[in-house]
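protein.txt follows; it contains compact mmCIF, C-alpha atoms.
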# COMPACT_ATOMS: atom_id res chain seq x y z
CA MET A 1 9.20 -9.93 -13.77
CA THR A 2 10.42 -8.14 -10.67
CA TYR A 3 8.27 -5.99 -8.43
CA THR A 4 10.26 -3.00 -9.73
CA THR A 5 9.12 -3.62 -13.32
CA LEU A 6 5.53 -4.31 -12.29
CA ALA A 7 5.37 -1.17 -10.13
CA VAL A 8 6.31 0.97 -13.14
CA ILE A 9 3.69 -0.85 -15.22
CA SER A 10 1.13 -0.14 -12.46
CA ALA A 11 1.77 3.61 -12.53
CA VAL A 12 1.68 3.71 -16.35
CA ALA A 13 -1.50 1.60 -16.36
CA GLY A 14 -3.11 4.09 -13.99
CA PHE A 15 -2.28 6.95 -16.34
CA ALA A 16 -3.45 4.95 -19.37
CA VAL A 17 -6.80 4.07 -17.81
CA ASP A 18 -7.40 7.65 -16.72
CA ARG A 19 -6.34 9.34 -19.95
CA TRP A 20 -7.19 6.94 -22.76
CA VAL A 21 -9.31 3.99 -21.60
CA LEU A 22 -11.95 5.82 -19.54
CA ARG A 23 -10.96 9.36 -20.61
CA THR A 24 -11.67 10.77 -17.17
CA ARG A 25 -8.48 12.91 -17.33
CA LEU A 26 -8.31 13.19 -13.55
CA THR A 27 -4.54 13.61 -13.92
CA SER A 28 -5.25 17.01 -15.50
CA THR A 29 -7.20 18.20 -12.46
CA ALA A 30 -6.06 19.85 -9.23
CA THR A 31 -8.68 17.77 -7.39
CA TRP A 32 -6.86 14.53 -8.26
CA TRP A 33 -3.38 15.81 -7.38
CA MET A 34 -4.60 17.22 -4.05
CA THR A 35 -6.24 13.85 -3.41
CA TYR A 36 -3.02 12.05 -4.29
CA ALA A 37 -0.96 14.34 -2.03
CA ILE A 38 -3.18 13.32 0.90
CA ILE A 39 -3.18 9.66 -0.11
CA VAL A 40 0.59 9.43 -0.53
CA PHE A 41 1.18 11.04 2.87
CA PHE A 42 -1.00 8.45 4.56
CA GLN A 43 0.41 5.71 2.37
CA LEU A 44 3.92 6.47 3.65
CA LEU A 45 2.57 6.46 7.21
CA THR A 46 0.51 3.25 7.06
CA ASN A 47 2.84 1.42 4.72
CA GLY A 48 5.71 2.35 7.02
CA TRP A 49 3.83 0.48 9.73
CA LEU A 50 3.36 -2.60 7.52
CA THR A 51 6.93 -2.69 6.24
CA GLY A 52 8.87 -1.24 9.21
CA ARG A 53 7.37 -3.85 11.52
CA GLU A 54 7.90 -6.43 8.77
CA ILE A 55 4.25 -7.41 8.73
CA VAL A 56 4.99 -7.61 5.01
CA ARG A 57 8.49 -8.72 3.97
CA TYR A 58 10.06 -8.41 0.52
CA ARG A 59 12.51 -10.72 -1.17
CA ALA A 60 15.70 -8.90 -2.10
CA ASP A 61 15.79 -10.03 -5.74
CA ALA A 62 12.30 -8.61 -6.46
CA ILE A 63 13.03 -5.02 -5.40
CA ILE A 64 15.68 -2.30 -5.83
CA GLY A 65 16.95 -2.57 -2.25
CA ASP A 66 17.51 -5.62 -0.11
CA SER A 67 15.03 -7.26 2.21
CA GLN A 68 16.15 -5.30 5.29
CA PRO A 69 13.82 -2.30 5.82
CA GLN A 70 15.42 1.04 6.65
CA LEU A 71 13.88 4.48 7.14
CA ILE A 72 15.27 6.01 3.94
CA GLY A 73 17.81 4.68 1.47
CA ASP A 74 18.63 1.47 -0.39
CA GLY A 75 15.41 1.70 -2.40
CA ARG A 76 13.32 2.30 0.71
CA LEU A 77 11.17 5.28 1.67
CA PHE A 78 9.74 5.26 5.18
CA TYR A 79 10.67 1.55 5.41
CA ALA A 80 8.61 0.61 2.33
CA PRO A 81 10.14 -0.33 -1.02
CA VAL A 82 9.82 2.67 -3.38
CA GLU A 83 8.02 0.25 -5.71
CA ASP A 84 4.98 0.55 -3.42
CA LEU A 85 4.49 4.11 -4.72
CA GLY A 86 3.80 2.78 -8.23
CA PHE A 87 1.53 0.10 -6.82
CA GLY A 88 -0.50 2.60 -4.77
CA PHE A 89 -0.68 5.28 -7.45
CA GLY A 90 -2.15 2.86 -10.01
CA LEU A 91 -4.59 1.25 -7.58
CA VAL A 92 -6.04 4.52 -6.27
CA LEU A 93 -6.06 6.32 -9.64
CA ILE A 94 -7.91 3.45 -11.34
CA ALA A 95 -10.45 3.31 -8.48
CA CYS A 96 -11.11 7.08 -8.73
CA SER A 97 -11.19 6.98 -12.52
CA VAL A 98 -13.81 4.20 -12.62
CA TRP A 99 -15.77 5.97 -9.89
CA VAL A 100 -15.85 9.27 -11.81
CA ARG A 101 -16.57 7.55 -15.15
CA LEU A 102 -19.59 5.77 -13.68
CA GLY A 103 -20.81 9.05 -12.20
CA ARG A 104 -20.62 10.77 -15.56
CA SER A 105 -22.56 8.03 -17.33
CA ARG A 106 -25.14 8.20 -14.55
CA ARG A 107 -25.52 11.94 -15.02
CA VAL A 108 -25.74 11.54 -18.79
CA GLY A 109 -28.38 8.85 -18.20
CA GLU A 110 -30.40 11.20 -16.01
CA ALA A 111 -30.17 14.01 -18.51
CA ALA A 112 -31.35 11.83 -21.39
CA MET B 113 -3.90 -15.18 19.81
CA SER B 114 -2.07 -12.11 21.05
CA LEU B 115 -2.68 -8.43 20.37
CA VAL B 116 0.25 -8.44 17.93
CA HIS B 117 -1.76 -10.66 15.58
CA TRP B 118 -4.01 -7.63 15.00
CA SER B 119 -1.15 -5.47 13.66
CA TYR B 120 -2.31 -5.55 10.03
CA VAL B 121 -5.97 -5.17 11.05
CA ALA B 122 -4.96 -2.04 13.00
CA MET B 123 -3.63 -0.43 9.81
CA LEU B 124 -6.88 -1.13 7.92
CA ALA B 125 -8.94 0.19 10.85
CA PHE B 126 -6.83 3.37 10.91
CA CYS B 127 -7.55 3.93 7.19
CA LEU B 128 -11.30 3.53 7.72
CA LEU B 129 -11.39 5.63 10.91
CA GLY B 130 -9.62 8.40 9.05
CA THR B 131 -11.91 8.48 6.02
CA LEU B 132 -15.41 7.29 6.97
CA PRO B 133 -16.05 10.49 9.01
CA LEU B 134 -15.52 12.42 5.75
CA VAL B 135 -18.92 11.09 4.66
CA TRP B 136 -20.56 12.99 7.50
CA LEU B 137 -18.27 16.02 7.48
CA PHE B 138 -18.71 16.73 3.78
CA ARG B 139 -22.16 15.18 3.36
CA LEU B 140 -20.71 12.79 0.78
CA ASP B 141 -23.22 10.59 -1.07
CA VAL B 142 -20.59 7.92 -1.84
CA LEU B 143 -22.14 5.28 0.43
CA ARG B 144 -25.60 5.95 -0.98
CA GLN B 145 -24.38 4.68 -4.37
CA PRO B 146 -23.43 1.11 -3.46
CA ALA B 147 -23.47 -0.27 -7.02
CA ARG B 148 -21.23 2.49 -8.38
CA LEU B 149 -18.89 2.16 -5.40
CA ALA B 150 -18.76 -1.65 -5.65
CA LEU B 151 -17.96 -1.45 -9.36
CA ALA B 152 -15.12 1.03 -8.75
CA VAL B 153 -13.70 -1.13 -5.94
CA VAL B 154 -13.96 -4.38 -7.93
CA ALA B 155 -12.66 -2.90 -11.20
CA ALA B 156 -9.57 -1.44 -9.51
CA GLY B 157 -9.08 -4.08 -6.82
CA THR B 158 -9.36 -7.24 -8.92
CA PRO B 159 -6.29 -6.84 -11.17
CA TYR B 160 -4.23 -5.82 -8.13
CA LEU B 161 -5.52 -8.78 -6.12
CA VAL B 162 -4.55 -11.14 -8.96
CA TRP B 163 -1.10 -9.51 -9.05
CA ASP B 164 -0.87 -9.91 -5.27
CA LEU B 165 -1.81 -13.60 -5.42
CA TRP B 166 0.85 -14.19 -8.07
CA ALA B 167 3.52 -12.10 -6.33
CA THR B 168 2.88 -13.89 -3.03
CA HIS B 169 2.97 -17.25 -4.80
CA VAL B 170 6.33 -16.56 -6.49
CA GLY B 171 7.67 -15.04 -3.27
CA HIS B 172 8.09 -11.34 -4.12
CA TRP B 173 6.65 -10.69 -0.68
CA SER B 174 5.33 -12.59 2.31
CA PHE B 175 3.28 -11.97 5.43
CA ASP B 176 4.36 -12.43 9.03
CA PRO B 177 2.07 -15.09 10.58
CA ASP B 178 2.75 -13.58 14.04
CA GLN B 179 1.35 -10.16 13.04
CA THR B 180 -1.65 -11.29 10.99
CA LEU B 181 -4.80 -13.22 11.86
CA PRO B 182 -4.58 -16.97 11.20
CA TRP B 183 -7.09 -17.13 8.35
CA ARG B 184 -5.78 -17.50 4.79
CA ILE B 185 -7.52 -17.59 1.40
CA ALA B 186 -5.33 -18.92 -1.42
CA GLY B 187 -2.31 -18.18 0.77
CA LEU B 188 -3.27 -14.55 1.48
CA PRO B 189 -4.22 -13.26 4.93
CA LEU B 190 -7.81 -11.98 5.07
CA GLU B 191 -6.34 -8.56 5.86
CA GLU B 192 -4.47 -8.50 2.56
CA ILE B 193 -7.67 -9.31 0.64
CA SER B 194 -9.54 -6.63 2.62
CA PHE B 195 -6.79 -4.19 1.65
CA PHE B 196 -8.07 -4.26 -1.94
CA VAL B 197 -11.52 -3.18 -0.74
CA VAL B 198 -10.37 -0.68 1.90
CA ILE B 199 -7.79 1.19 -0.21
CA PRO B 200 -10.00 1.85 -3.29
CA LEU B 201 -12.79 2.94 -0.89
CA VAL B 202 -10.42 5.25 1.00
CA GLY B 203 -9.22 6.66 -2.32
CA VAL B 204 -12.74 7.44 -3.55
CA LEU B 205 -13.75 9.00 -0.21
CA THR B 206 -10.66 11.21 -0.21
CA TYR B 207 -11.27 12.24 -3.81
CA GLU B 208 -14.90 13.14 -3.10
CA ALA B 209 -13.95 15.02 0.08
CA VAL B 210 -11.38 17.09 -1.83
CA ALA B 211 -13.99 17.75 -4.55
CA ALA B 212 -16.44 18.85 -1.83
CA VAL B 213 -13.91 21.22 -0.25
CA ARG B 214 -13.11 22.75 -3.63
CA ALA B 215 -16.83 23.19 -4.34
CA GLY B 216 -17.32 24.83 -0.93
CA ARG B 217 -19.52 22.02 0.42
CA GLY B 218 -19.31 20.62 3.95
CA ARG B 219 -20.68 21.21 7.41
CA TRP B 220 -20.61 24.59 9.11
CA VAL B 221 -17.75 23.50 11.40
CA LEU B 222 -15.51 23.41 8.34
CA ARG B 223 -16.58 26.73 6.90
CA ARG B 224 -14.88 30.01 7.67

Rewrite the structure from the file as structure tokens, please.
Amino acid sequence: MTYTTLAVISAVAGFAVDRWVLRTRLTSTATWWMTYAIIVFFQLLTNGWLTGREIVRYRADAIIGDSQPQLIGDGRLFYAPVEDLGFGFGLVLIACSVWVRLGRSRRVGEAA
Amino acid sequence: MSLVHWSYVAMLAFCLLGTLPLVWLFRLDVLRQPARLALAVVAAGTPYLVWDLWATHVGHWSFDPDQTLPWRIAGLPLEEISFFVVIPLVGVLTYEAVAAVRAGRGRWVLRR
């Protein structure tokens, strides 16, 4: 499987964990989307550093674009492959979802 | 080892420098719940770390030895492994800071 396919799976997995597995439904809250707006801004900034400087390099046949980073275009956004957005969305959403889920069970535990 | 070898470390340090002060600014209790935090980091980070190990192994992406520290675990730079701790942590801190702002919590310097 290419990175492109896996990045889509990552974003869908994030949604699935939040909505159906842990039922935290963060993706229905303004708090999550404000969080994600901040995260994605800094992701573009820091990931631009990693990919623009070619600290991390991508093989052309795994991504939409080729292996040459550019600011915008050819499947790249601020030097990073657009696939990184799916990767980051899933990773951060799952982390927040597990975090919130554990908090709820803790509160339920205290109340009982 | 030149300064350039710290390029990836610099990105991780930037992420932490940007978010750890949120703990103080918004009186977040995230770091006082180490078990809950560790579970969230491990639950989100592990599948992505496994993906990363595989993707690096099959060559979807690679790391510049001149811009990373020399140490490798299973072919991954230590920075890349740390990424899967730092990013979930940064995500949870941002989420909690946004929740605090929306609830009107935080230090007087942030209040109107």

Can you tell me how far CA of Pro189 in chain B sits from CA of Asp164 in chain B, in Å to one decimal? 11.2 Å

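Our summary of the geometry notes that CA of Leu132 in chain B is positioned 27.3 Å from CA of Trp163 in chain B.
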
Mind pulling up the distance from CA of Ser114 in chain B to CA of Trp49 in chain A?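 Interatomic distance here is 17.9 Å.
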
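Shell of range 69-85 of chain A at 6 Å, with all atoms listed in the file counted and residues fewer than 4 places along the chain excluded, is Thr4, Ala7, Gly48, Thr51, Gly52, Ile64, Gly65 and Phe89 of chain A.
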
Hey, which of A:Leu26, A:Ala62, A:Val56, A:Ile39 ends up closest to Trp99 in chain A? Count only C-alpha atoms.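 Among the listed residues, the smallest separation from Trp99 in chain A belongs to A:Leu26.
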
Measuring atom to atom with only C-alpha atoms, identify which of B:Arg214, B:Arg184, B:His172, B:Arg144 is nearest to Tyr3 in chain A. B:His172

In file coordinates, which residues lie within 12 Å of (-20.4, 7.2, 3.4) using all atoms listed in the file, given as an mmCIF file with C-alpha atoms, keeping the file's coordinate frame?
data_model
loop_
_atom_site.group_PDB
_atom_site.id
_atom_site.type_symbol
_atom_site.label_atom_id
_atom_site.label_comp_id
_atom_site.auth_asym_id
_atom_site.auth_seq_id
_atom_site.Cartn_x
_atom_site.Cartn_y
_atom_site.Cartn_z
ATOM 1 C CA LEU B 128 -11.300 3.530 7.720
ATOM 2 C CA LEU B 129 -11.390 5.630 10.910
ATOM 3 C CA THR B 131 -11.910 8.480 6.020
ATOM 4 C CA LEU B 132 -15.410 7.290 6.970
ATOM 5 C CA PRO B 133 -16.050 10.490 9.010
ATOM 6 C CA LEU B 134 -15.520 12.420 5.750
ATOM 7 C CA VAL B 135 -18.920 11.090 4.660
ATOM 8 C CA TRP B 136 -20.560 12.990 7.500
ATOM 9 C CA LEU B 137 -18.270 16.020 7.480
ATOM 10 C CA PHE B 138 -18.710 16.730 3.780
ATOM 11 C CA ARG B 139 -22.160 15.180 3.360
ATOM 12 C CA LEU B 140 -20.710 12.790 0.780
ATOM 13 C CA ASP B 141 -23.220 10.590 -1.070
ATOM 14 C CA VAL B 142 -20.590 7.920 -1.840
ATOM 15 C CA LEU B 143 -22.140 5.280 0.430
ATOM 16 C CA ARG B 144 -25.600 5.950 -0.980
ATOM 17 C CA GLN B 145 -24.380 4.680 -4.370
ATOM 18 C CA PRO B 146 -23.430 1.110 -3.460
ATOM 19 C CA LEU B 149 -18.890 2.160 -5.400
ATOM 20 C CA LEU B 201 -12.790 2.940 -0.890
ATOM 21 C CA VAL B 202 -10.420 5.250 1.000
ATOM 22 C CA VAL B 204 -12.740 7.440 -3.550
ATOM 23 C CA LEU B 205 -13.750 9.000 -0.210
ATOM 24 C CA THR B 206 -10.660 11.210 -0.210
ATOM 25 C CA GLU B 208 -14.900 13.140 -3.100
ATOM 26 C CA ALA B 209 -13.950 15.020 0.080
#

Expected file for range 118-142 of chain B keeping C-alpha atoms, as an mmCIF file, in the first residue's frame:
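Wrote out-v3.cif, looks like this:
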data_model
loop_
_atom_site.group_PDB
_atom_site.id
_atom_site.type_symbol
_atom_site.label_atom_id
_atom_site.label_comp_id
_atom_site.auth_asym_id
_atom_site.auth_seq_id
_atom_site.Cartn_x
_atom_site.Cartn_y
_atom_site.Cartn_z
ATOM 1 C CA TRP B 118 20.321 18.624 15.744
ATOM 2 C CA SER B 119 17.876 19.757 13.028
ATOM 3 C CA TYR B 120 15.185 17.184 13.864
ATOM 4 C CA VAL B 121 15.734 17.636 17.622
ATOM 5 C CA ALA B 122 15.147 21.377 17.120
ATOM 6 C CA MET B 123 11.680 20.685 15.703
ATOM 7 C CA LEU B 124 10.728 18.500 18.691
ATOM 8 C CA ALA B 125 12.094 21.104 21.119
ATOM 9 C CA PHE B 126 10.041 23.806 19.374
ATOM 10 C CA CYS B 127 6.872 21.716 19.837
ATOM 11 C CA LEU B 128 7.552 21.248 23.551
ATOM 12 C CA LEU B 129 8.595 24.882 24.135
ATOM 13 C CA GLY B 130 5.360 25.985 22.518
ATOM 14 C CA THR B 131 3.038 23.765 24.536
ATOM 15 C CA LEU B 132 4.553 23.012 27.961
ATOM 16 C CA PRO B 133 4.001 26.651 29.110
ATOM 17 C CA LEU B 134 0.271 26.050 28.514
ATOM 18 C CA VAL B 135 0.345 23.883 31.655
ATOM 19 C CA TRP B 136 1.254 26.929 33.718
ATOM 20 C CA LEU B 137 -0.762 29.496 31.769
ATOM 21 C CA PHE B 138 -4.017 27.558 31.972
ATOM 22 C CA ARG B 139 -3.298 25.654 35.191
ATOM 23 C CA LEU B 140 -3.693 22.392 33.284
ATOM 24 C CA ASP B 141 -3.625 19.203 35.374
ATOM 25 C CA VAL B 142 -2.477 17.060 32.417
#
